[in-house]
Each structure stands twice: as structure tokens, then as C-alpha cells.
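Here's the structure, in C-alpha cells; my notes come after.
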Amino acid sequence: MKKKSKVVSYNKWGYIFLIPFVVIYLVFQMIPLFSTIYNSFFENYRSGLKQIGPNFVGLQNFITIITNGDLPTYLKNTLIMWILGFVPQILLSLLLGAWFTDPSLRLKAQGFFKTVIYLPNLIMASAFAMLFFTLFSNSGPINSIMLQFGLIQEPYQFMSHIWSVRGLVAFMNCLMWFGNTTILLMAGMMGIDPSLFEAAQVDGATATQIFYKVTLPLLKPILIYVMITSLIGGLQMFDVPQILTNGTGDPMRSSMTLIMYLNKHLFSKNYGLGGALSVFMFIITGILSLIVFKFTTGEDKD
Amino acid sequence: MEEKRIAMAGQSDAGASVHARRVIAYVVLILITFICLFWFYVLFVNSTRSNAELARGFRPLPGNYLGTNWDNLVHGTLPIFSGLINSLIVATLTAVFATYFSTMTAYAIHAYDFKLKKFIFTFILMVMMIPTQVTALGFLQLIGKMGLDDKFTPLIVPAIASPAVFFFMKQYMDSTLPLSLVEAARIDGSTEWGTFNKIVVPLMKPAVAVQAIFSFVTSWNNYFTPALVLHTDTKKTLPILIAQLRSADWLKFDMGQVYVMISFSIFPVIVVYLLLSRHIVGGVTLGGVKG
């Protein structure tokens, strides 16, 4: 498609237009990345008033965060809460997107519904988590309502049970992001040539068949985008569990995410362990994204 | 979950009439609407009650302590007004920088042929997967050395390099921006810089609108980096103040005030959003149709 049809002298503008991105990326991402990696090989923290290090310790920091169980535990917590939130989110978004864009349904008040489902995304995550913390506290409105309806005899302690805290985090993530995902998917669905739908209808395809055979395959690029960004976002999960549990990840650190753990080290200025954790995050994110990317493009051949 | 399964069943049933599917769709949508709005209604009602009333349990109708709670909050210790303004400045500039420069980067890759093009494109797609958090440690050390600690600059300027926004813009450009248009502009004597600003950017408006919203929201919601960068009370953004509210354990003092503070950081955005939502949804729809 893109042959050498363009006059060469124009093409230097390609470099010129790239300057802002490249410069800013090098300064604010590349240099920090390398210095983070560099830091991960040094022992460097504060013990009371005494500064320990920086001393070169090789891979000791990496060994420490694996063998003391921190990294595996927090990775597991993070992934559990991401999956719990993402699966219902993508299903809901596909369903709503298909309904909104289905010409035979002709849903009324679409503007209203779209406005409502996107609304939670605009809510500041920390304020939303704070709200849920107050709503689900022992003397909060949710317990109050359930008591009034006789569903429970005494307040349920949402913040003291592993799965209720994880569930709340996942529920909030889902609620905040399904509208965003729906809008992105819809933009993709509406971009599909309407004549394809008409042709399928003329050929007698049902709504379900059209969805699976026409909409989904054509949506693939935007689905890849949604999935990758959600996975990256999931691994960065921080605000909601941080505010909900006040940074403790309680009960028993079952809702402590990787970034919450990193945040702890950054505040206590333990640059060695923080650096090692960052490098791990870097590698894990890379591998997982690659798997998702390969997986979704691999289906192409079917 | 339940209603979703029913809906799926309804959709997969080849014999289901359009009417039945429509009814199912409305029922599900109304349920979702309730789930989305319920929390904010409770928040509003509770903001209008005194601490003593709140302790007695939840009532679905508003009380009349909103003014009192507001007064107590304003005369309290949290610098809420400066927090609001700080958040607005940072998020607006971030959105402008991210969308304009990402469009520029996407255009460079889309419209020109040069040696490093493929390398840079692949590189950006690869770094798109790196969360900014993994470089936060080095980032904090760097801005410390640059004297940018406790300033807004390190929160705004890095948005110029937003790989995810770039990716969206590039995708959109592939489907909407024919190179013949650029050639035509050249023949008409337009400079490359002029073509980009006067032809490409306006054509990209739907995508820019969508990404501007997302960038604004991401920055507005951002708590991680600002909490590490900003230390002075009057420079803090709203999410940091909310976090302070949580760790101060105000729950023991005055719940009415806590609810008003949450309302203060949530409701202005909702109001602005409701005013703009027509354009937001319209922009998204427009963007799709063109592809």
C-alpha cells in the first residue's frame, strides 16, 4: 500500500514530527527505567536514622522479594482481583455494545443509558473507594439497609473478610470501566460497514450469528486494544484497594496489590527492593501482554 | 449475573422475536442504570444528614444538614478549593498535551516513509505495555535532580509521550485518513506543518475528543504519581486529599462531613459531564461511522 511514491524531501518531516515524543520519552521514561534497573542491584534503604548503602549486592534484592513470599502473594492478589472485575466487564460491554448498535432493536433513550454507564468512569477512583468504604462500613448504609430488610441479624464486616474486600475491589473496577469499554467497542462496531449487516440479514442470519460472524471478527483490533490496556491497568491496580484498606491490604494482606507494595517501598525510600519489584513488574507486564497479543492475533488463522 | 445469562439466552434463541429481545434489553439496562446510580444517590442523601442521624441508620429521603456539613468542611483543615483547582489545571493540560502530540506522532508514522519508521512504530507498541509505575522510582530520583519535585510539570509534560493514546490515533488514522488527501494538500501548496494543523487535526477531531476525555479522566483520577510528587498542602490534588481523609480516620468524628467531602470531589464532575455528555457520546459515535 505504502510504496516509495512520496518525494523523499517530505519524509524528513516524519522525524521532525517525532521529536516531541522521542525527547519526552527518553527523558521521562527511558532514563528512569534504566536508573530503576540500576537501583535494583543495590542495597539502599533507611534503618531508623541510619542510611544503609548503596552497596552493590547483585541479585540479592530479587531473591529477597521472592523467597520472603511478598512478590508471589501480591501478584496473585492482583491477578485475582483483575480477573474478577474484567470478565463480567468485557461480557457486559460486548452485550451492551451489540444492543446499542443493533439496528433491528432500535433501542430508545440510548443517549441516557450511554451517559449513565460511562458516568462511574469519571468518578475519581480514590473518592469512589472512600465512598464504598463508608457505605460498606459496619455502621454504614448497606449494613443498615440489610438490617432493616431482615437479611442479616448483625452488621456484616465487609472489611474483615478476604473475599468481600476482593469482591468489592473487583466490583468497583468493573463498574468504573465497563462504560468506557462499551463506548470503545461501540465506536468499533459502528465503524463496521452497515452493508455487511444488511447482506447478512438478507442471507437470513440471526442476530446471534451476525454478532459472532460479522461483528466479533471485525472488532478484533479494538478488542485487542481493550484487553491489553485492561491487563496493564489491572496490574497497576492501586487507588481502589489502597484507599479501601488504607494501604494495609487487609485482611492479612489478601488485597495488597503489587503497586501498593511498590508504593510502600517508595515512601520508605527502600530503593533496592523497590527497584527489584519494578524490574519484576516490567518483565511480568511484558510477558503477559505478549501472551494476550499473540493469543488474539493467533486466532486469525482459523 | 442472572439477568445477563437470561439476556444471552434470549439473544441466542433464533426464534426470539425482536420484541422479546427489546424487552430483555430494557430490563437489563434499567437494572444496570440502578446499579450505576444507587451509590451516588446514597452519597447525596447522606451528605444532607447530621452525624447523629447517620448513626441511627439509613433513611432514603434527604435531610437538611447539607449546609451545616458544608460549613464544617470548609472551615476544617483540608484545603479543598486549592485541591479542586490543582486537579483541574493538571488534568486539562495533560489532556491537551497527550492528544495533540499523540496525533502528531501518529501522523509522522502514518504519512511519511523514513528509515527508522518501522523500528519506532514497533518500539512504541512495545513500550505501550510498560506501566509508568515501574519507572516511578527512577522518575522520582530524576525529578528530584531536575528540581521539579513538588511541582506540576512532572505530572503534565510526560503526557506528550503517551503510547496508548498514540496507538488509538494511529488505528483511527489508518481507517480515516487517506494519503491522497495529504498529497492533494501538498499540490495546493500547503506546508507539512500547515497540513498537519489545518487538515489532519480537524479530521481527527472525533478521535481527539474521545482520547481527550480519557486522558483527562486518567489524570483527574490519578493518585499514585501526584501523591509521590506533591508534598505541599496547597499543591495537592483532590485524590491526595481524599486519601488523607481516609487515613485520618474521620469516621470517628463526623460522618456528615466525610460524605460532603466525597460529594465535593464527585458531584461537580458529574454535573459537568451531564452537560457535555451529548458531545461525548456524539463524538464517539461520529468517530465510528467514519471508519
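Convention: chains lettered A, B, ... in C-alpha cells order; per-chain residue numbering from 1; ligands numbered from 1 as shown.
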Just want the 12 Å neighbourhood of B:Asn64, counted on only C-alpha atoms, with same-chain residues fewer than 2 positions away dropped. Output as a PDB file with C-alpha atoms, in the first residue's frame.
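That gives us around-v9.pdb:
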ATOM      1  CA  PHE B  44     -26.251  12.583  48.184  1.00  0.00           C
ATOM      2  CA  VAL B  45     -28.795  11.637  50.847  1.00  0.00           C
ATOM      3  CA  ASN B  46     -26.142  11.016  53.470  1.00  0.00           C
ATOM      4  CA  SER B  47     -24.460  14.349  52.737  1.00  0.00           C
ATOM      5  CA  THR B  48     -27.651  16.020  53.906  1.00  0.00           C
ATOM      6  CA  ARG B  49     -27.747  14.310  57.306  1.00  0.00           C
ATOM      7  CA  SER B  50     -26.102  15.075  60.611  1.00  0.00           C
ATOM      8  CA  ASN B  51     -23.693  12.676  62.237  1.00  0.00           C
ATOM      9  CA  GLU B  53     -28.934  10.975  62.183  1.00  0.00           C
ATOM     10  CA  LEU B  61     -35.070  10.709  51.925  1.00  0.00           C
ATOM     11  CA  PRO B  62     -32.733  13.739  52.186  1.00  0.00           C
ATOM     12  CA  LEU B  66     -26.206  19.815  53.966  1.00  0.00           C
ATOM     13  CA  GLY B  67     -25.367  23.464  54.744  1.00  0.00           C
ATOM     14  CA  THR B  68     -24.083  22.668  58.207  1.00  0.00           C
ATOM     15  CA  ASN B  69     -21.905  19.811  56.959  1.00  0.00           C
ATOM     16  CA  TRP B  70     -20.560  22.033  54.182  1.00  0.00           C
ATOM     17  CA  GLY B 256     -21.747  14.092  57.593  1.00  0.00           C
TER      18      GLY B 256
END
Worksheet item: Which residues come within 10 Å of B:Met126, counting only C-alpha atoms, excluding same-chain residues fewer than 5 positions away, as a list in words?
Response: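 My list of contacting residues is Gly286, Ser289 and Leu290 of chain A; Ile120, Phe121 and Pro163 of chain B.
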Print the selection's residues with N, CA and C atoms to a file, as a short mmCIF file (atom, residue, chain, number, x, y, z; two decimals), in the first residue's frame.
data_model
loop_
_atom_site.label_atom_id
_atom_site.label_comp_id
_atom_site.auth_asym_id
_atom_site.auth_seq_id
_atom_site.Cartn_x
_atom_site.Cartn_y
_atom_site.Cartn_z
N GLY A 286 5.44 -7.28 30.48
CA GLY A 286 5.88 -7.58 29.13
C GLY A 286 5.42 -8.96 28.68
N SER A 289 1.46 -9.30 28.46
CA SER A 289 0.92 -8.56 27.31
C SER A 289 1.22 -9.30 26.02
N LEU A 290 2.42 -9.86 25.95
CA LEU A 290 2.81 -10.60 24.76
C LEU A 290 1.92 -11.82 24.56
N ILE B 120 10.58 2.54 15.03
CA ILE B 120 9.95 3.40 16.03
C ILE B 120 8.52 2.95 16.32
N PHE B 121 7.80 2.58 15.25
CA PHE B 121 6.43 2.12 15.45
C PHE B 121 6.40 0.88 16.36
N PRO B 163 2.01 6.44 24.73
CA PRO B 163 1.92 5.39 23.72
C PRO B 163 0.50 4.88 23.47
#
Discussion item. I'd like the neighbourhood of B:Leu37 as a count of residues only, where a residue qualifies if any of its atoms comes within 12 Å (using only C-alpha atoms), though same-chain residues fewer than 2 positions away should be ignored.
Written reply: 23
Would you mind listing what lies within 12 Å of A:Phe34 as a PDB file with C-alpha atoms, in the first residue's frame, with only C-alpha atoms counted and same-chain residues fewer than 3 positions away left out?
ATOM      1  CA  LEU A  26      13.794   9.390  26.572  1.00  0.00           C
ATOM      2  CA  VAL A  27      13.889  11.884  29.437  1.00  0.00           C
ATOM      3  CA  PHE A  28      10.853  10.850  31.491  1.00  0.00           C
ATOM      4  CA  GLN A  29      10.617   7.124  30.749  1.00  0.00           C
ATOM      5  CA  MET A  30      13.890   5.743  29.417  1.00  0.00           C
ATOM      6  CA  ILE A  31      16.301   7.352  31.855  1.00  0.00           C
ATOM      7  CA  ILE A  37      17.070  -1.217  36.927  1.00  0.00           C
ATOM      8  CA  TYR A  38      20.398   0.105  38.194  1.00  0.00           C
ATOM      9  CA  ASN A  39      18.920   0.635  41.657  1.00  0.00           C
ATOM     10  CA  SER A  40      17.624  -2.918  41.807  1.00  0.00           C
ATOM     11  CA  PHE A  41      21.194  -4.239  42.158  1.00  0.00           C
ATOM     12  CA  GLY A 275      13.828  -1.339  42.194  1.00  0.00           C
ATOM     13  CA  SER A 278       9.813  -2.579  39.499  1.00  0.00           C
ATOM     14  CA  VAL A 279      12.036  -4.732  37.307  1.00  0.00           C
ATOM     15  CA  PHE A 282       8.417  -4.644  33.946  1.00  0.00           C
TER      16      PHE A 282
ATOM     17  CA  VAL B 134       7.558   0.516  37.008  1.00  0.00           C
ATOM     18  CA  THR B 135       9.733   3.529  36.294  1.00  0.00           C
ATOM     19  CA  ALA B 136       8.366   5.600  39.185  1.00  0.00           C
ATOM     20  CA  LEU B 137      11.447   5.024  41.285  1.00  0.00           C
ATOM     21  CA  GLY B 138      13.866   6.401  38.691  1.00  0.00           C
ATOM     22  CA  PHE B 139      11.310   9.077  37.789  1.00  0.00           C
ATOM     23  CA  GLN B 141      15.043  10.431  41.561  1.00  0.00           C
ATOM     24  CA  LEU B 142      15.210  12.236  38.210  1.00  0.00           C
TER      25      LEU B 142
END
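Picture a line from atom CA of A:Ile152 to atom CA of A:Asn138; it runs 12.3 Å.
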Practice prompt. List every residue of stretch 4-198 of chain B that DSSP, applied to the backbone, labels as alpha helix (DSSP H), and write the result as a ChimeraX atom specification.
Written response: /B:4-12,18-47,51-55,66-74,80-111,117-127,136-145,153-156,163-176,179-187,192-195
Worksheet item: For chain A, which of B:Phe167, B:Phe38, B:Phe81, B:Tyr112 is the closest residue, counting only C-alpha atoms?
Response: B:Tyr112
Non-local contacts of stretch 179-181 of chain B (9 Å; only C-alpha atoms; under 5 positions in same chain excluded) as a PDB file with C-alpha atoms, in the first residue's frame:
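Listed below is the output, out.pdb:
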ATOM      1  CA  HIS B 110       1.198   7.254   9.146  1.00  0.00           C
ATOM      2  CA  ALA B 111       2.100   9.734   6.415  1.00  0.00           C
ATOM      3  CA  ARG B 186       0.810  19.447  -0.998  1.00  0.00           C
ATOM      4  CA  ILE B 199      -6.279  19.349   7.762  1.00  0.00           C
TER       5      ILE B 199
END
Worksheet item: Taking only C-alpha atoms into account, which of A:Leu33, A:Leu223, A:Leu84, A:Val57 comes nearest chain B?
Response: A:Leu33
Worksheet item: Could you pull the residues within 6 Å of stretch 68-80 of chain A, counting only C-alpha atoms, minus those fewer than 4 positions along the same chain, as a ChimeraX atom specification?
Response: /A:64,255-258
Kindly save the residues from that selection, with N, CA and C atoms included, as a PDB file, in the first residue's frame.
ATOM      1  N   THR A  64      15.415 -11.845  47.630  1.00  0.00           N
ATOM      2  CA  THR A  64      14.688 -11.497  48.854  1.00  0.00           C
ATOM      3  C   THR A  64      13.183 -11.415  48.616  1.00  0.00           C
ATOM      4  N   SER A 255      -5.571  -8.298  49.992  1.00  0.00           N
ATOM      5  CA  SER A 255      -5.939  -7.390  48.909  1.00  0.00           C
ATOM      6  C   SER A 255      -4.795  -6.422  48.620  1.00  0.00           C
ATOM      7  N   MET A 256      -3.596  -6.766  49.092  1.00  0.00           N
ATOM      8  CA  MET A 256      -2.411  -5.949  48.799  1.00  0.00           C
ATOM      9  C   MET A 256      -1.972  -6.235  47.364  1.00  0.00           C
ATOM     10  N   THR A 257      -1.920  -5.192  46.532  1.00  0.00           N
ATOM     11  CA  THR A 257      -1.506  -5.399  45.141  1.00  0.00           C
ATOM     12  C   THR A 257      -0.020  -5.087  44.984  1.00  0.00           C
ATOM     13  N   LEU A 258       0.530  -5.432  43.829  1.00  0.00           N
ATOM     14  CA  LEU A 258       1.945  -5.195  43.562  1.00  0.00           C
ATOM     15  C   LEU A 258       2.313  -3.725  43.697  1.00  0.00           C
TER      16      LEU A 258
END
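The shell of residues at most 12 Å from A:Pro155, with only C-alpha atoms counted and near chain neighbours (fewer than 2 positions) removed, consists of Phe136, Ser137, Asn138, Ser139, Gly140, Pro141, Ile142, Asn143, Ser144, Ile145, Met146, Leu147, Gln148, Gly150, Leu151, Ile152, Gln153, Gln157, Phe158, Met159 and Ser160 of chain A; Gly57 of chain B.
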Could you write out the selected residues, including C-alpha atoms, as a PDB file, in the first residue's frame?
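What ended up in part-v8.pdb:
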ATOM      1  CA  PHE A 136     -19.905  -0.766  53.449  1.00  0.00           C
ATOM      2  CA  SER A 137     -18.547   0.050  56.903  1.00  0.00           C
ATOM      3  CA  ASN A 138     -20.074  -1.757  59.880  1.00  0.00           C
ATOM      4  CA  SER A 139     -22.429   1.101  60.694  1.00  0.00           C
ATOM      5  CA  GLY A 140     -22.775   2.202  57.060  1.00  0.00           C
ATOM      6  CA  PRO A 141     -25.906   2.395  54.896  1.00  0.00           C
ATOM      7  CA  ILE A 142     -25.518  -1.029  53.236  1.00  0.00           C
ATOM      8  CA  ASN A 143     -25.489  -2.835  56.561  1.00  0.00           C
ATOM      9  CA  SER A 144     -28.251  -0.537  57.768  1.00  0.00           C
ATOM     10  CA  ILE A 145     -30.437  -1.395  54.748  1.00  0.00           C
ATOM     11  CA  MET A 146     -29.791  -5.136  55.046  1.00  0.00           C
ATOM     12  CA  LEU A 147     -30.672  -4.998  58.751  1.00  0.00           C
ATOM     13  CA  GLN A 148     -33.891  -3.108  58.027  1.00  0.00           C
ATOM     14  CA  GLY A 150     -34.053  -8.506  57.902  1.00  0.00           C
ATOM     15  CA  LEU A 151     -31.472 -10.023  55.544  1.00  0.00           C
ATOM     16  CA  ILE A 152     -28.917 -10.196  58.342  1.00  0.00           C
ATOM     17  CA  GLN A 153     -29.131 -10.204  62.133  1.00  0.00           C
ATOM     18  CA  GLN A 157     -17.985  -6.853  58.466  1.00  0.00           C
ATOM     19  CA  PHE A 158     -17.137  -6.315  54.795  1.00  0.00           C
ATOM     20  CA  MET A 159     -13.643  -5.082  55.576  1.00  0.00           C
ATOM     21  CA  SER A 160     -12.653  -8.129  57.658  1.00  0.00           C
TER      22      SER A 160
ATOM     23  CA  GLY B  57     -29.309   4.127  60.264  1.00  0.00           C
TER      24      GLY B  57
END
Worksheet entry | Shortest interatomic distance to A:Ser254 - which of A:Tyr225, A:Trp163, A:Tyr271, A:Tyr212, counting only C-alpha atoms | A:Trp163
Item to complete: Choose the residue, out of A:Val22, A:Tyr10, A:Met172, A:Ile283, that has the smallest atom-to-atom separation from B:Glu183; count only C-alpha atoms.
Response: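 The shortest atom-to-atom distance to B:Glu183 comes from A:Tyr10.
Atom CA of B:Ala25 sits 19.8 Å away from atom CA of A:Val87.
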Discussion item. Using only C-alpha atoms, can you tell me which of A:Leu196, A:Leu218, A:Leu122, A:Ala98 comes closest to chain B?
Written reply: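 Using only C-alpha atoms, chain B sits closest to A:Leu122.
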Worksheet item: Pick from A:Ile65, A:Met190, A:Val23, A:Ile162: nearest to A:His265, with only C-alpha atoms counted?
Response: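 Of all the options, A:Ile65 lies closest to A:His265.
For the pair atom CA of B:Val201 and atom CA of B:Tyr100, the interatomic distance is 8.0 Å.
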